[in-house]
file upload.cif (mmCIF, C-alpha atoms and all ligand atoms)
data_work
loop_
_atom_site.label_atom_id
_atom_site.label_comp_id
_atom_site.auth_asym_id
_atom_site.auth_seq_id
_atom_site.Cartn_x
_atom_site.Cartn_y
_atom_site.Cartn_z
CA MET T 19 -11.57 -19.78 4.48
CA ALA T 20 -11.60 -16.02 4.77
CA VAL T 21 -12.26 -13.54 2.01
CA ILE T 22 -8.90 -11.95 1.20
CA LEU T 23 -9.31 -8.19 1.10
CA LYS T 24 -6.68 -7.54 -1.55
CA GLY T 25 -5.49 -4.01 -2.13
CA ALA T 26 -5.22 -4.33 -5.92
CA PRO T 27 -8.95 -3.90 -6.76
CA VAL T 28 -9.13 -0.93 -4.39
CA VAL T 29 -6.08 0.60 -6.07
CA ALA T 30 -7.56 0.00 -9.54
CA ALA T 31 -10.78 1.79 -8.61
CA MET T 32 -8.89 4.67 -7.01
CA ASN T 33 -6.48 4.98 -9.96
CA GLU T 34 -9.40 5.17 -12.37
CA ALA T 35 -11.08 7.90 -10.32
CA ASN T 36 -7.81 9.82 -9.86
CA ALA T 37 -6.99 9.60 -13.58
CA ALA T 38 -10.43 10.97 -14.51
CA ARG T 39 -10.03 13.88 -12.09
CA CYS T 40 -6.52 14.58 -13.45
CA ALA T 41 -7.89 14.60 -17.00
CA ALA T 42 -10.58 17.10 -15.98
CA LEU T 43 -7.91 19.33 -14.40
CA ALA T 44 -5.65 18.94 -17.45
CA ALA T 45 -8.51 20.19 -19.63
CA ARG T 46 -8.34 23.39 -17.55
CA GLY T 47 -4.55 23.61 -17.94
CA ILE T 48 -3.79 22.36 -14.42
CA THR T 49 -1.33 19.54 -13.70
CA PRO T 50 -1.62 18.22 -10.13
CA THR T 51 1.91 18.35 -8.76
CA LEU T 52 3.51 16.67 -5.77
CA ALA T 53 6.72 17.86 -4.13
CA VAL T 54 8.74 15.04 -2.60
CA VAL T 55 11.18 16.26 0.04
CA ARG T 56 13.74 13.70 1.14
CA MET T 57 16.87 13.87 3.24
CA GLY T 58 19.48 11.22 2.67
CA GLU T 59 19.04 7.85 1.01
CA ARG T 60 17.22 5.57 3.46
CA PRO T 61 16.26 2.40 1.55
CA ASP T 62 12.66 2.45 2.90
CA ASP T 63 12.23 6.07 1.76
CA LEU T 64 13.68 5.33 -1.67
CA SER T 65 11.40 2.34 -2.16
CA TYR T 66 8.28 4.29 -1.07
CA GLU T 67 9.32 7.22 -3.27
CA ARG T 68 9.66 4.92 -6.31
CA GLY T 69 6.15 3.59 -5.65
CA VAL T 70 4.74 7.11 -5.32
CA ILE T 71 6.41 8.32 -8.53
CA THR T 72 5.09 5.31 -10.48
CA ARG T 73 1.56 5.69 -9.13
CA CYS T 74 1.58 9.45 -9.81
CA GLY T 75 2.79 8.88 -13.36
CA LYS T 76 -0.05 6.42 -14.04
CA VAL T 77 -2.80 8.91 -13.24
CA GLY T 78 -1.27 12.19 -14.45
CA VAL T 79 0.29 13.71 -11.34
CA THR T 80 3.72 15.33 -11.78
CA VAL T 81 6.40 14.84 -9.14
CA LYS T 82 9.05 17.42 -8.29
CA GLN T 83 11.87 16.12 -6.09
CA TYR T 84 13.73 18.17 -3.47
CA LEU T 85 16.68 16.19 -2.21
CA LEU T 86 18.88 17.21 0.70
CA PRO T 87 21.84 15.41 2.27
CA ALA T 88 21.12 13.57 5.54
CA ASP T 89 23.35 16.10 7.35
CA ALA T 90 21.53 19.17 5.96
CA ALA T 91 20.84 21.98 8.43
CA GLN T 92 17.34 22.77 9.69
CA ASP T 93 17.38 26.15 7.90
CA GLU T 94 17.98 24.40 4.56
CA LEU T 95 14.91 22.23 5.03
CA LEU T 96 12.84 25.21 6.20
CA ALA T 97 13.91 27.06 3.04
CA VAL T 98 12.76 24.15 0.87
CA LEU T 99 9.39 24.05 2.64
CA ALA T 100 9.00 27.82 2.23
CA GLU T 101 9.66 27.39 -1.51
CA VAL T 102 7.10 24.56 -1.73
CA ASN T 103 4.52 26.60 0.20
CA ALA T 104 5.01 29.63 -2.04
CA ASP T 105 4.92 27.78 -5.37
CA PRO T 106 1.32 27.79 -6.71
CA SER T 107 2.18 25.04 -9.21
CA ILE T 108 2.80 22.62 -6.29
CA HIS T 109 -0.36 21.23 -4.70
CA GLY T 110 0.96 18.76 -2.15
CA CYS T 111 4.13 17.87 -0.28
CA LEU T 112 5.42 14.49 0.87
CA LEU T 113 8.13 15.01 3.49
CA PHE T 114 9.93 11.84 4.51
CA ARG T 115 10.07 11.24 8.26
CA PRO T 116 11.43 10.40 10.75
CA LEU T 117 13.75 13.34 10.18
CA PRO T 118 17.47 13.11 10.92
CA LYS T 119 18.14 14.03 14.55
CA GLN T 120 19.39 17.58 13.93
CA PHE T 121 15.82 18.58 12.98
CA ASP T 122 13.09 19.58 15.38
CA ASP T 123 10.14 17.56 14.11
CA ARG T 124 7.48 19.92 15.49
CA THR T 125 9.10 23.02 13.95
CA ILE T 126 9.43 21.33 10.59
CA ARG T 127 5.86 19.97 10.56
CA ALA T 128 4.52 23.39 11.50
CA ALA T 129 6.38 24.95 8.56
CA LEU T 130 4.32 23.13 5.93
CA ALA T 131 1.20 24.90 4.63
CA PRO T 132 -1.79 22.84 5.85
CA GLU T 133 -3.47 22.91 2.42
CA LYS T 134 -0.38 21.17 0.96
CA ASP T 135 -0.16 18.61 3.77
CA ILE T 136 -1.35 15.64 1.72
CA ASP T 137 0.35 13.17 4.13
CA GLY T 138 -1.42 14.30 7.31
CA ILE T 139 1.66 15.37 9.27
CA THR T 140 0.68 18.86 10.47
CA ASP T 141 -1.27 19.50 13.64
CA GLY T 142 -3.90 21.12 11.38
CA SER T 143 -4.45 17.89 9.45
CA LEU T 144 -4.70 15.86 12.65
CA ALA T 145 -7.16 18.40 14.07
CA GLY T 146 -9.16 17.96 10.85
CA VAL T 147 -9.38 14.20 11.48
CA PHE T 148 -10.58 14.74 15.03
CA THR T 149 -13.02 17.56 14.34
CA ASN T 150 -14.22 16.11 11.03
CA THR T 151 -13.40 19.33 9.21
CA ALA T 152 -11.57 19.62 5.91
CA ILE T 153 -8.28 21.01 7.22
CA GLY T 154 -5.35 19.34 5.45
CA TYR T 155 -5.62 15.57 4.93
CA PRO T 156 -5.75 12.48 7.13
CA PRO T 157 -2.64 10.29 7.40
CA CYS T 158 -2.66 8.09 4.28
CA THR T 159 -2.25 4.69 5.96
CA ALA T 160 -5.15 5.30 8.33
CA GLN T 161 -7.34 6.35 5.42
CA ALA T 162 -6.17 3.30 3.41
CA CYS T 163 -7.66 1.03 6.12
CA LEU T 164 -11.02 2.78 5.70
CA GLU T 165 -10.81 2.73 1.89
CA ILE T 166 -10.39 -1.06 1.97
CA LEU T 167 -13.30 -1.58 4.35
CA LYS T 168 -15.53 0.68 2.25
CA HIS T 169 -14.47 -0.85 -1.08
CA TYR T 170 -15.45 -4.31 0.15
CA ASN T 171 -18.71 -2.98 1.63
CA ILE T 172 -17.86 -4.03 5.15
CA PRO T 173 -20.61 -2.60 7.38
CA LEU T 174 -19.17 -0.29 10.04
CA SER T 175 -22.11 1.54 11.58
CA GLY T 176 -23.10 0.12 14.95
CA ARG T 177 -20.32 -2.48 14.90
CA ARG T 178 -17.57 -3.02 17.45
CA ALA T 179 -14.07 -2.13 16.27
CA VAL T 180 -10.76 -2.63 18.06
CA VAL T 181 -7.70 -0.73 16.88
CA VAL T 182 -4.43 -2.13 18.24
CA GLY T 183 -1.84 0.68 18.29
CA ARG T 184 -2.39 4.38 18.91
CA SER T 185 0.29 6.14 16.86
CA LEU T 186 -0.63 9.48 15.30
CA VAL T 187 0.28 8.04 11.91
CA VAL T 188 -2.04 5.03 11.94
CA GLY T 189 -3.92 3.83 15.02
CA LYS T 190 -5.35 7.04 16.46
CA PRO T 191 -6.58 8.53 13.15
CA ALA T 192 -7.92 5.12 12.05
CA ALA T 193 -9.90 4.92 15.30
CA MET T 194 -11.31 8.41 14.72
CA MET T 195 -12.25 7.56 11.14
CA LEU T 196 -14.02 4.38 12.27
CA ASP T 197 -15.82 6.44 14.91
CA ARG T 198 -16.93 8.81 12.16
CA GLU T 199 -18.51 5.80 10.43
CA ASN T 200 -20.43 5.14 13.66
CA ALA T 201 -18.46 2.10 14.73
CA THR T 202 -17.96 1.70 18.49
CA VAL T 203 -14.21 1.87 18.84
CA THR T 204 -11.76 0.59 21.43
CA LEU T 205 -8.23 1.96 20.99
CA CYS T 206 -5.52 -0.28 22.48
CA ASN T 207 -1.93 0.44 23.48
CA SER T 208 1.02 -1.43 24.93
CA ARG T 209 -0.45 -1.27 28.46
CA THR T 210 -3.85 -2.64 27.45
CA GLN T 211 -4.90 -5.59 29.60
CA ASN T 212 -6.53 -8.70 28.14
CA LEU T 213 -5.85 -7.78 24.52
CA PRO T 214 -6.91 -11.22 23.16
CA SER T 215 -10.37 -11.05 24.75
CA LEU T 216 -10.84 -7.40 23.71
CA CYS T 217 -9.96 -8.34 20.14
CA ARG T 218 -12.30 -11.31 20.13
CA GLU T 219 -15.20 -9.05 21.15
CA ALA T 220 -14.76 -6.88 18.09
CA ASP T 221 -16.36 -7.25 14.67
CA ILE T 222 -13.51 -5.34 13.04
CA VAL T 223 -9.90 -5.61 14.21
CA VAL T 224 -7.36 -3.11 12.86
CA VAL T 225 -3.82 -4.06 13.88
CA ALA T 226 -1.12 -1.38 13.72
CA MET T 227 1.29 -2.28 16.51
CA GLY T 228 4.55 -2.83 14.66
CA LYS T 229 5.12 -6.29 16.18
CA MET T 230 5.64 -9.06 13.68
CA GLY T 231 3.09 -11.87 13.99
CA TYR T 232 1.84 -10.73 17.42
CA ILE T 233 -1.85 -11.35 16.76
CA GLY T 234 -2.81 -15.00 16.31
CA ALA T 235 -5.83 -17.27 16.57
CA ASP T 236 -6.16 -16.65 20.34
CA CYS T 237 -7.18 -13.03 19.56
CA LEU T 238 -9.62 -13.87 16.78
CA ARG T 239 -12.95 -15.58 16.16
CA GLU T 240 -15.20 -16.39 13.25
CA GLY T 241 -17.15 -13.56 11.64
CA GLN T 242 -14.44 -10.92 12.13
CA VAL T 243 -12.86 -8.60 9.59
CA VAL T 244 -9.13 -8.08 10.15
CA VAL T 245 -7.06 -5.22 8.73
CA ASP T 246 -3.33 -5.82 9.16
CA VAL T 247 -1.28 -2.64 8.84
CA GLY T 248 2.04 -4.09 10.01
CA ILE T 249 4.93 -4.51 7.60
CA HIS T 250 7.96 -6.60 8.53
CA VAL T 251 10.56 -8.73 6.84
CA ASN T 252 10.75 -12.19 8.43
CA GLU T 253 13.76 -14.48 8.85
CA GLU T 254 13.17 -15.87 5.36
CA GLY T 255 13.26 -12.38 3.88
CA LYS T 256 9.51 -12.36 3.18
CA LEU T 257 7.14 -9.50 3.96
CA CYS T 258 4.62 -10.22 6.70
CA GLY T 259 2.33 -8.32 9.05
CA ASP T 260 1.44 -7.94 12.72
CA VAL T 261 -1.09 -10.78 12.30
CA ARG T 262 -0.12 -14.45 11.88
CA PHE T 263 -1.93 -14.78 8.59
CA ALA T 264 -1.79 -18.59 8.32
CA GLU T 265 -3.49 -18.87 11.73
CA ALA T 266 -5.99 -16.06 11.22
CA GLU T 267 -7.17 -16.83 7.71
CA PRO T 268 -8.97 -20.12 8.50
CA VAL T 269 -10.77 -18.48 11.45
CA VAL T 270 -11.98 -15.04 10.42
CA GLU T 271 -14.48 -13.88 7.79
CA ALA T 272 -12.16 -11.52 5.91
CA ILE T 273 -8.56 -10.33 6.20
CA THR T 274 -6.12 -8.04 4.39
CA PRO T 275 -2.94 -9.76 3.17
CA VAL T 276 0.65 -8.59 3.73
CA PRO T 277 2.03 -7.84 1.22
CA GLY T 278 -0.75 -6.74 -1.12
CA GLY T 279 -3.07 -5.15 1.43
CA VAL T 280 -3.01 -1.81 3.25
CA GLY T 281 0.46 -0.84 2.00
CA THR T 282 -0.64 -1.06 -1.62
CA VAL T 283 -3.57 1.27 -1.06
CA THR T 284 -1.63 3.89 0.93
CA THR T 285 0.10 5.31 -2.14
CA SER T 286 -3.17 5.71 -4.03
CA VAL T 287 -4.64 7.57 -1.06
CA LEU T 288 -1.66 9.93 -1.18
CA VAL T 289 -2.10 10.52 -4.90
CA GLY T 290 -5.82 11.13 -4.36
CA HIS T 291 -4.97 13.80 -1.79
CA VAL T 292 -2.72 15.60 -4.31
CA VAL T 293 -5.52 15.58 -6.87
CA ASP T 294 -7.96 16.87 -4.27
CA ALA T 295 -5.54 19.64 -3.26
CA ALA T 296 -5.17 20.65 -6.93
CA GLU T 297 -8.96 20.77 -7.32
CA LYS T 298 -9.29 22.91 -4.18
CA ALA T 299 -6.51 25.27 -5.34
CA ALA T 300 -8.23 25.63 -8.73
CA ALA T 301 -11.59 26.34 -7.08
CA ALA T 302 -10.01 29.02 -4.89
CA VAL T 303 -8.71 31.04 -7.88
P1 LIG T 401 4.39 2.74 16.23
O1 LIG T 401 4.51 4.23 16.14
O2 LIG T 401 5.56 1.95 16.71
O3 LIG T 401 3.15 2.44 17.18
C1 LIG T 401 2.87 1.15 17.62
C2 LIG T 401 1.66 1.21 18.51
O4 LIG T 401 1.34 -0.14 18.90
C3 LIG T 401 1.88 2.01 19.80
O5 LIG T 401 0.75 2.83 20.05
C4 LIG T 401 2.02 0.94 20.87
O6 LIG T 401 1.52 1.32 22.12
C5 LIG T 401 1.15 -0.17 20.29
N1 LIG T 401 1.54 -1.47 20.84
C6 LIG T 401 2.76 -2.02 20.87
N2 LIG T 401 2.72 -3.22 21.49
C7 LIG T 401 1.45 -3.41 21.87
C8 LIG T 401 0.77 -4.43 22.57
N3 LIG T 401 1.41 -5.51 23.02
N4 LIG T 401 -0.56 -4.33 22.75
C9 LIG T 401 -1.24 -3.25 22.28
N5 LIG T 401 -0.64 -2.22 21.62
C10 LIG T 401 0.68 -2.30 21.44
O7 LIG T 401 3.98 2.11 14.86
P2 LIG T 401 3.15 2.74 13.61
O8 LIG T 401 3.96 3.78 12.95
O9 LIG T 401 1.76 3.05 14.03
O10 LIG T 401 3.13 1.47 12.64
C11 LIG T 401 2.51 0.27 13.02
C12 LIG T 401 2.83 -0.79 11.99
O11 LIG T 401 2.31 -0.39 10.75
C13 LIG T 401 4.34 -1.01 11.75
O12 LIG T 401 4.55 -2.39 11.50
C14 LIG T 401 4.64 -0.22 10.50
O13 LIG T 401 5.71 -0.74 9.75
C15 LIG T 401 3.34 -0.38 9.77
N6 LIG T 401 3.03 0.69 8.82
C16 LIG T 401 2.51 0.34 7.63
C17 LIG T 401 2.16 1.30 6.72
C18 LIG T 401 1.51 0.89 5.45
O14 LIG T 401 1.39 1.68 4.52
N7 LIG T 401 1.01 -0.34 5.39
C19 LIG T 401 2.38 2.66 7.00
C20 LIG T 401 2.88 3.02 8.26
C21 LIG T 401 3.19 2.01 9.17
P3 LIG T 401 2.17 2.51 23.03
O15 LIG T 401 1.63 3.77 22.43
O16 LIG T 401 1.68 2.25 24.40
O17 LIG T 401 3.67 2.39 22.87
#
call {"tool": "encode", "arguments": {"input": "upload.cif", "output": "structure tokens"}}
result
Amino acid sequence: MAVILKGAPVVAAMNEANAARCAALAARGITPTLAVVRMGERPDDLSYERGVITRCGKVGVTVKQYLLPADAAQDELLAVLAEVNADPSIHGCLLFRPLPKQFDDRTIRAALAPEKDIDGITDGSLAGVFTNTAIGYPPCTAQACLEILKHYNIPLSGRRAVVVGRSLVVGKPAAMMLDRENATVTLCNSRTQNLPSLCREADIVVVAMGKMGYIGADCLREGQVVVDVGIHVNEEGKLCGDVRFAEAEPVVEAITPVPGGVGTVTTSVLVGHVVDAAEKAAAAV
């Protein structure tokens, strides 16, 4: 029976820390503020936005919404981002992506001020992850994987880690952050040969491939820690991950659940970034 690495205790600890930092800022007359920029009404965006607003409210972060129709022109979105960048009362910006097809993703990402990029979407933030410098912020989901491993005191230094999936949103930054913790990291993609044996060699397996139930007992062995980033809705309408949990759980040492794992922690990471951005802005005055 594996230890279940639930997100809830990680979230509780992060909420407590974020609330204390917000209170310290409030005592100085500063309210950490997040701009949420959304185009259209995609159900996934709306659900994530609700979660963010709730989590922000719990710790003392204010949310300001900027809503555009899904058929808005690129100039309209650029104008919103310019307003967000110029407003000193706004400390961070969550821009929902993927953007509708009339937008040029690179142009839009480049338009956001790096110091307000609390979701790790600008090239500056990604450079910060790779160079280990404090430019912008790492993508929240990748950081959530690390927050869980650290919260549960999973040793990383000197251990073998496999990351399955190399997207800029999850896999690649997660691999870099594991490398920073002195794990020896193998980053896998859809052309990787012998994935099951590579996974079995690892002490830590982070799965972010976007394929429901792809990783099963053939890829796993006893003693491993598994972080499942995938989120899917199965035929029964239930949330599940990239890992076949029922198969993995009796085999491995520890595993994150879906739901209730990485996804839960992601929002708290985002809120923490807003608080951090507010602290940095206050220090710069
Ligand atoms: P993505 O952009 O589709 O990337 C998937 C990655 O997996 C790609 O790098 C792909 O390789 C790789 N891959 C696909 N099949 C593979 C295979 N058979 N063997 C090895 N690698 C394979 O997905 P993403 O945005 O990173 O998201 C991954 C999952 O995490 C999704 O289920 C998504 O819903 C979930 N997610 C969760 C959260 C959260 O908060 N929990 C946040 C974001 C995403 P190639 O590069 O070669 O195509």
call {"tool": "closest_atom_pairs", "arguments": {"input": "upload.cif", "of": "chain T", "to": "ligand LIG 401 (chain T)", "cutoff": "8 Å", "atoms": "only C-alpha atoms and all ligand atoms", "output": "JSON lines"}}
result
{"residue": "T:Cys158", "atom": "CA", "partner": "T:LIG401", "partner_atom": "O14", "distance": 7.6}
{"residue": "T:Thr159", "atom": "CA", "partner": "T:LIG401", "partner_atom": "O14", "distance": 4.9}
{"residue": "T:Ala162", "atom": "CA", "partner": "T:LIG401", "partner_atom": "O14", "distance": 7.8}
{"residue": "T:Val182", "atom": "CA", "partner": "T:LIG401", "partner_atom": "N5", "distance": 5.1}
{"residue": "T:Gly183", "atom": "CA", "partner": "T:LIG401", "partner_atom": "O4", "distance": 3.3}
{"residue": "T:Arg184", "atom": "CA", "partner": "T:LIG401", "partner_atom": "O5", "distance": 3.7}
{"residue": "T:Ser185", "atom": "CA", "partner": "T:LIG401", "partner_atom": "O9", "distance": 4.4}
{"residue": "T:Leu186", "atom": "CA", "partner": "T:LIG401", "partner_atom": "O9", "distance": 7.0}
{"residue": "T:Val187", "atom": "CA", "partner": "T:LIG401", "partner_atom": "O9", "distance": 5.6}
{"residue": "T:Val188", "atom": "CA", "partner": "T:LIG401", "partner_atom": "O9", "distance": 4.8}
{"residue": "T:Gly189", "atom": "CA", "partner": "T:LIG401", "partner_atom": "O9", "distance": 5.8}
{"residue": "T:Cys206", "atom": "CA", "partner": "T:LIG401", "partner_atom": "C9", "distance": 5.2}
{"residue": "T:Asn207", "atom": "CA", "partner": "T:LIG401", "partner_atom": "N5", "distance": 3.5}
{"residue": "T:Ser208", "atom": "CA", "partner": "T:LIG401", "partner_atom": "C10", "distance": 3.6}
{"residue": "T:Arg209", "atom": "CA", "partner": "T:LIG401", "partner_atom": "O16", "distance": 5.8}
{"residue": "T:Thr210", "atom": "CA", "partner": "T:LIG401", "partner_atom": "C9", "distance": 5.8}
{"residue": "T:Leu213", "atom": "CA", "partner": "T:LIG401", "partner_atom": "N4", "distance": 6.6}
{"residue": "T:Val225", "atom": "CA", "partner": "T:LIG401", "partner_atom": "C12", "distance": 7.6}
{"residue": "T:Ala226", "atom": "CA", "partner": "T:LIG401", "partner_atom": "C11", "distance": 4.0}
{"residue": "T:Met227", "atom": "CA", "partner": "T:LIG401", "partner_atom": "O4", "distance": 3.2}
{"residue": "T:Gly228", "atom": "CA", "partner": "T:LIG401", "partner_atom": "O12", "distance": 3.2}
{"residue": "T:Lys229", "atom": "CA", "partner": "T:LIG401", "partner_atom": "O12", "distance": 6.1}
{"residue": "T:Met230", "atom": "CA", "partner": "T:LIG401", "partner_atom": "O12", "distance": 7.1}
{"residue": "T:Tyr232", "atom": "CA", "partner": "T:LIG401", "partner_atom": "N3", "distance": 7.7}
{"residue": "T:Asp246", "atom": "CA", "partner": "T:LIG401", "partner_atom": "N7", "distance": 7.9}
{"residue": "T:Val247", "atom": "CA", "partner": "T:LIG401", "partner_atom": "O11", "distance": 4.6}
{"residue": "T:Gly248", "atom": "CA", "partner": "T:LIG401", "partner_atom": "O12", "distance": 3.4}
{"residue": "T:Ile249", "atom": "CA", "partner": "T:LIG401", "partner_atom": "O13", "distance": 4.4}
{"residue": "T:His250", "atom": "CA", "partner": "T:LIG401", "partner_atom": "O12", "distance": 6.2}
{"residue": "T:Gly259", "atom": "CA", "partner": "T:LIG401", "partner_atom": "O12", "distance": 6.8}
{"residue": "T:Asp260", "atom": "CA", "partner": "T:LIG401", "partner_atom": "O12", "distance": 6.5}
{"residue": "T:Gly279", "atom": "CA", "partner": "T:LIG401", "partner_atom": "N7", "distance": 7.4}
{"residue": "T:Val280", "atom": "CA", "partner": "T:LIG401", "partner_atom": "N7", "distance": 4.8}
{"residue": "T:Gly281", "atom": "CA", "partner": "T:LIG401", "partner_atom": "N7", "distance": 3.5}
{"residue": "T:Thr282", "atom": "CA", "partner": "T:LIG401", "partner_atom": "O14", "distance": 7.0}
{"residue": "T:Val283", "atom": "CA", "partner": "T:LIG401", "partner_atom": "O14", "distance": 7.5}
{"residue": "T:Thr284", "atom": "CA", "partner": "T:LIG401", "partner_atom": "O14", "distance": 5.2}
{"residue": "T:Thr285", "atom": "CA", "partner": "T:LIG401", "partner_atom": "O14", "distance": 7.7}
call {"tool": "atom_distance", "arguments": {"input": "upload.cif", "atom1": "CA of Leu174 in chain T", "atom2": "CA of Cys217 in chain T"}}
result
15.9 Å
call {"tool": "residues_near_point", "arguments": {"input": "upload.cif", "point": "(-17.1, -6.3, 6.4)", "cutoff": "10 Å", "atoms": "only C-alpha atoms", "output": "NGL selection string"}}
result
:T and (21 or 23 or 166-174 or 177 or 221-222 or 241-244 or 271-273)
call {"tool": "residues_around", "arguments": {"input": "upload.cif", "residues": "range 107-116 of chain T", "least_positions_apart": "2", "cutoff": "6 Å", "atoms": "all atoms listed in the file", "output": "PyMOL selection string"}}
result
chain T and resi 51-56+105+134-136+292+295-296
call {"tool": "closest_residue", "arguments": {"input": "upload.cif", "among": "T:Val81, T:Ala44, T:Cys163, T:Ile139", "to": "Gly69 in chain T", "atoms": "only C-alpha atoms"}}
result
T:Val81
call {"tool": "build_atoms", "arguments": {"input": "upload.cif", "residues": "range 223-240 of chain T", "atoms": "N, CA, C and O atoms", "output": "short mmCIF file (atom, residue, chain, number, x, y, z; two decimals), in the frame of the given file"}}
result
data_model
loop_
_atom_site.label_atom_id
_atom_site.label_comp_id
_atom_site.auth_asym_id
_atom_site.auth_seq_id
_atom_site.Cartn_x
_atom_site.Cartn_y
_atom_site.Cartn_z
N VAL T 223 -11.15 -5.74 13.46
CA VAL T 223 -9.90 -5.61 14.21
C VAL T 223 -8.85 -4.99 13.29
O VAL T 223 -8.49 -5.57 12.26
N VAL T 224 -8.41 -3.78 13.63
CA VAL T 224 -7.36 -3.11 12.86
C VAL T 224 -6.07 -3.21 13.69
O VAL T 224 -6.04 -2.77 14.83
N VAL T 225 -5.05 -3.82 13.11
CA VAL T 225 -3.82 -4.06 13.88
C VAL T 225 -2.70 -3.21 13.31
O VAL T 225 -2.29 -3.39 12.16
N ALA T 226 -2.21 -2.27 14.13
CA ALA T 226 -1.12 -1.38 13.72
C ALA T 226 -0.19 -1.22 14.92
O ALA T 226 -0.10 -0.15 15.50
N MET T 227 0.47 -2.31 15.30
CA MET T 227 1.29 -2.28 16.51
C MET T 227 2.78 -2.40 16.22
O MET T 227 3.60 -2.18 17.11
N GLY T 228 3.13 -2.75 14.99
CA GLY T 228 4.55 -2.83 14.66
C GLY T 228 5.26 -4.00 15.32
O GLY T 228 6.45 -3.93 15.58
N LYS T 229 4.51 -5.10 15.58
CA LYS T 229 5.12 -6.29 16.18
C LYS T 229 4.80 -7.50 15.31
O LYS T 229 3.64 -7.94 15.24
N MET T 230 5.82 -7.99 14.68
CA MET T 230 5.64 -9.06 13.68
C MET T 230 4.92 -10.28 14.28
O MET T 230 5.35 -10.83 15.29
N GLY T 231 3.80 -10.64 13.63
CA GLY T 231 3.09 -11.87 13.99
C GLY T 231 2.56 -11.90 15.41
O GLY T 231 2.37 -12.97 15.99
N TYR T 232 2.27 -10.77 16.02
CA TYR T 232 1.84 -10.73 17.42
C TYR T 232 0.42 -11.27 17.59
O TYR T 232 0.09 -11.91 18.58
N ILE T 233 -0.43 -10.98 16.63
CA ILE T 233 -1.85 -11.35 16.76
C ILE T 233 -2.09 -12.70 16.06
O ILE T 233 -1.85 -12.85 14.86
N GLY T 234 -2.55 -13.65 16.85
CA GLY T 234 -2.81 -15.00 16.31
C GLY T 234 -4.23 -15.44 16.61
O GLY T 234 -5.09 -14.63 16.99
N ALA T 235 -4.47 -16.73 16.45
CA ALA T 235 -5.83 -17.27 16.57
C ALA T 235 -6.44 -17.01 17.94
O ALA T 235 -7.67 -16.90 18.07
N ASP T 236 -5.61 -16.88 18.99
CA ASP T 236 -6.16 -16.65 20.34
C ASP T 236 -6.88 -15.30 20.44
O ASP T 236 -7.69 -15.10 21.34
N CYS T 237 -6.56 -14.37 19.53
CA CYS T 237 -7.18 -13.03 19.56
C CYS T 237 -8.38 -12.93 18.62
O CYS T 237 -9.00 -11.86 18.53
N LEU T 238 -8.66 -13.98 17.89
CA LEU T 238 -9.62 -13.87 16.78
C LEU T 238 -10.73 -14.90 16.91
O LEU T 238 -10.61 -15.89 17.63
N ARG T 239 -11.82 -14.64 16.19
CA ARG T 239 -12.95 -15.58 16.16
C ARG T 239 -13.61 -15.49 14.79
O ARG T 239 -13.33 -14.57 14.01
N GLU T 240 -14.52 -16.40 14.56
CA GLU T 240 -15.20 -16.39 13.25
C GLU T 240 -16.07 -15.13 13.13
O GLU T 240 -16.53 -14.57 14.12
#
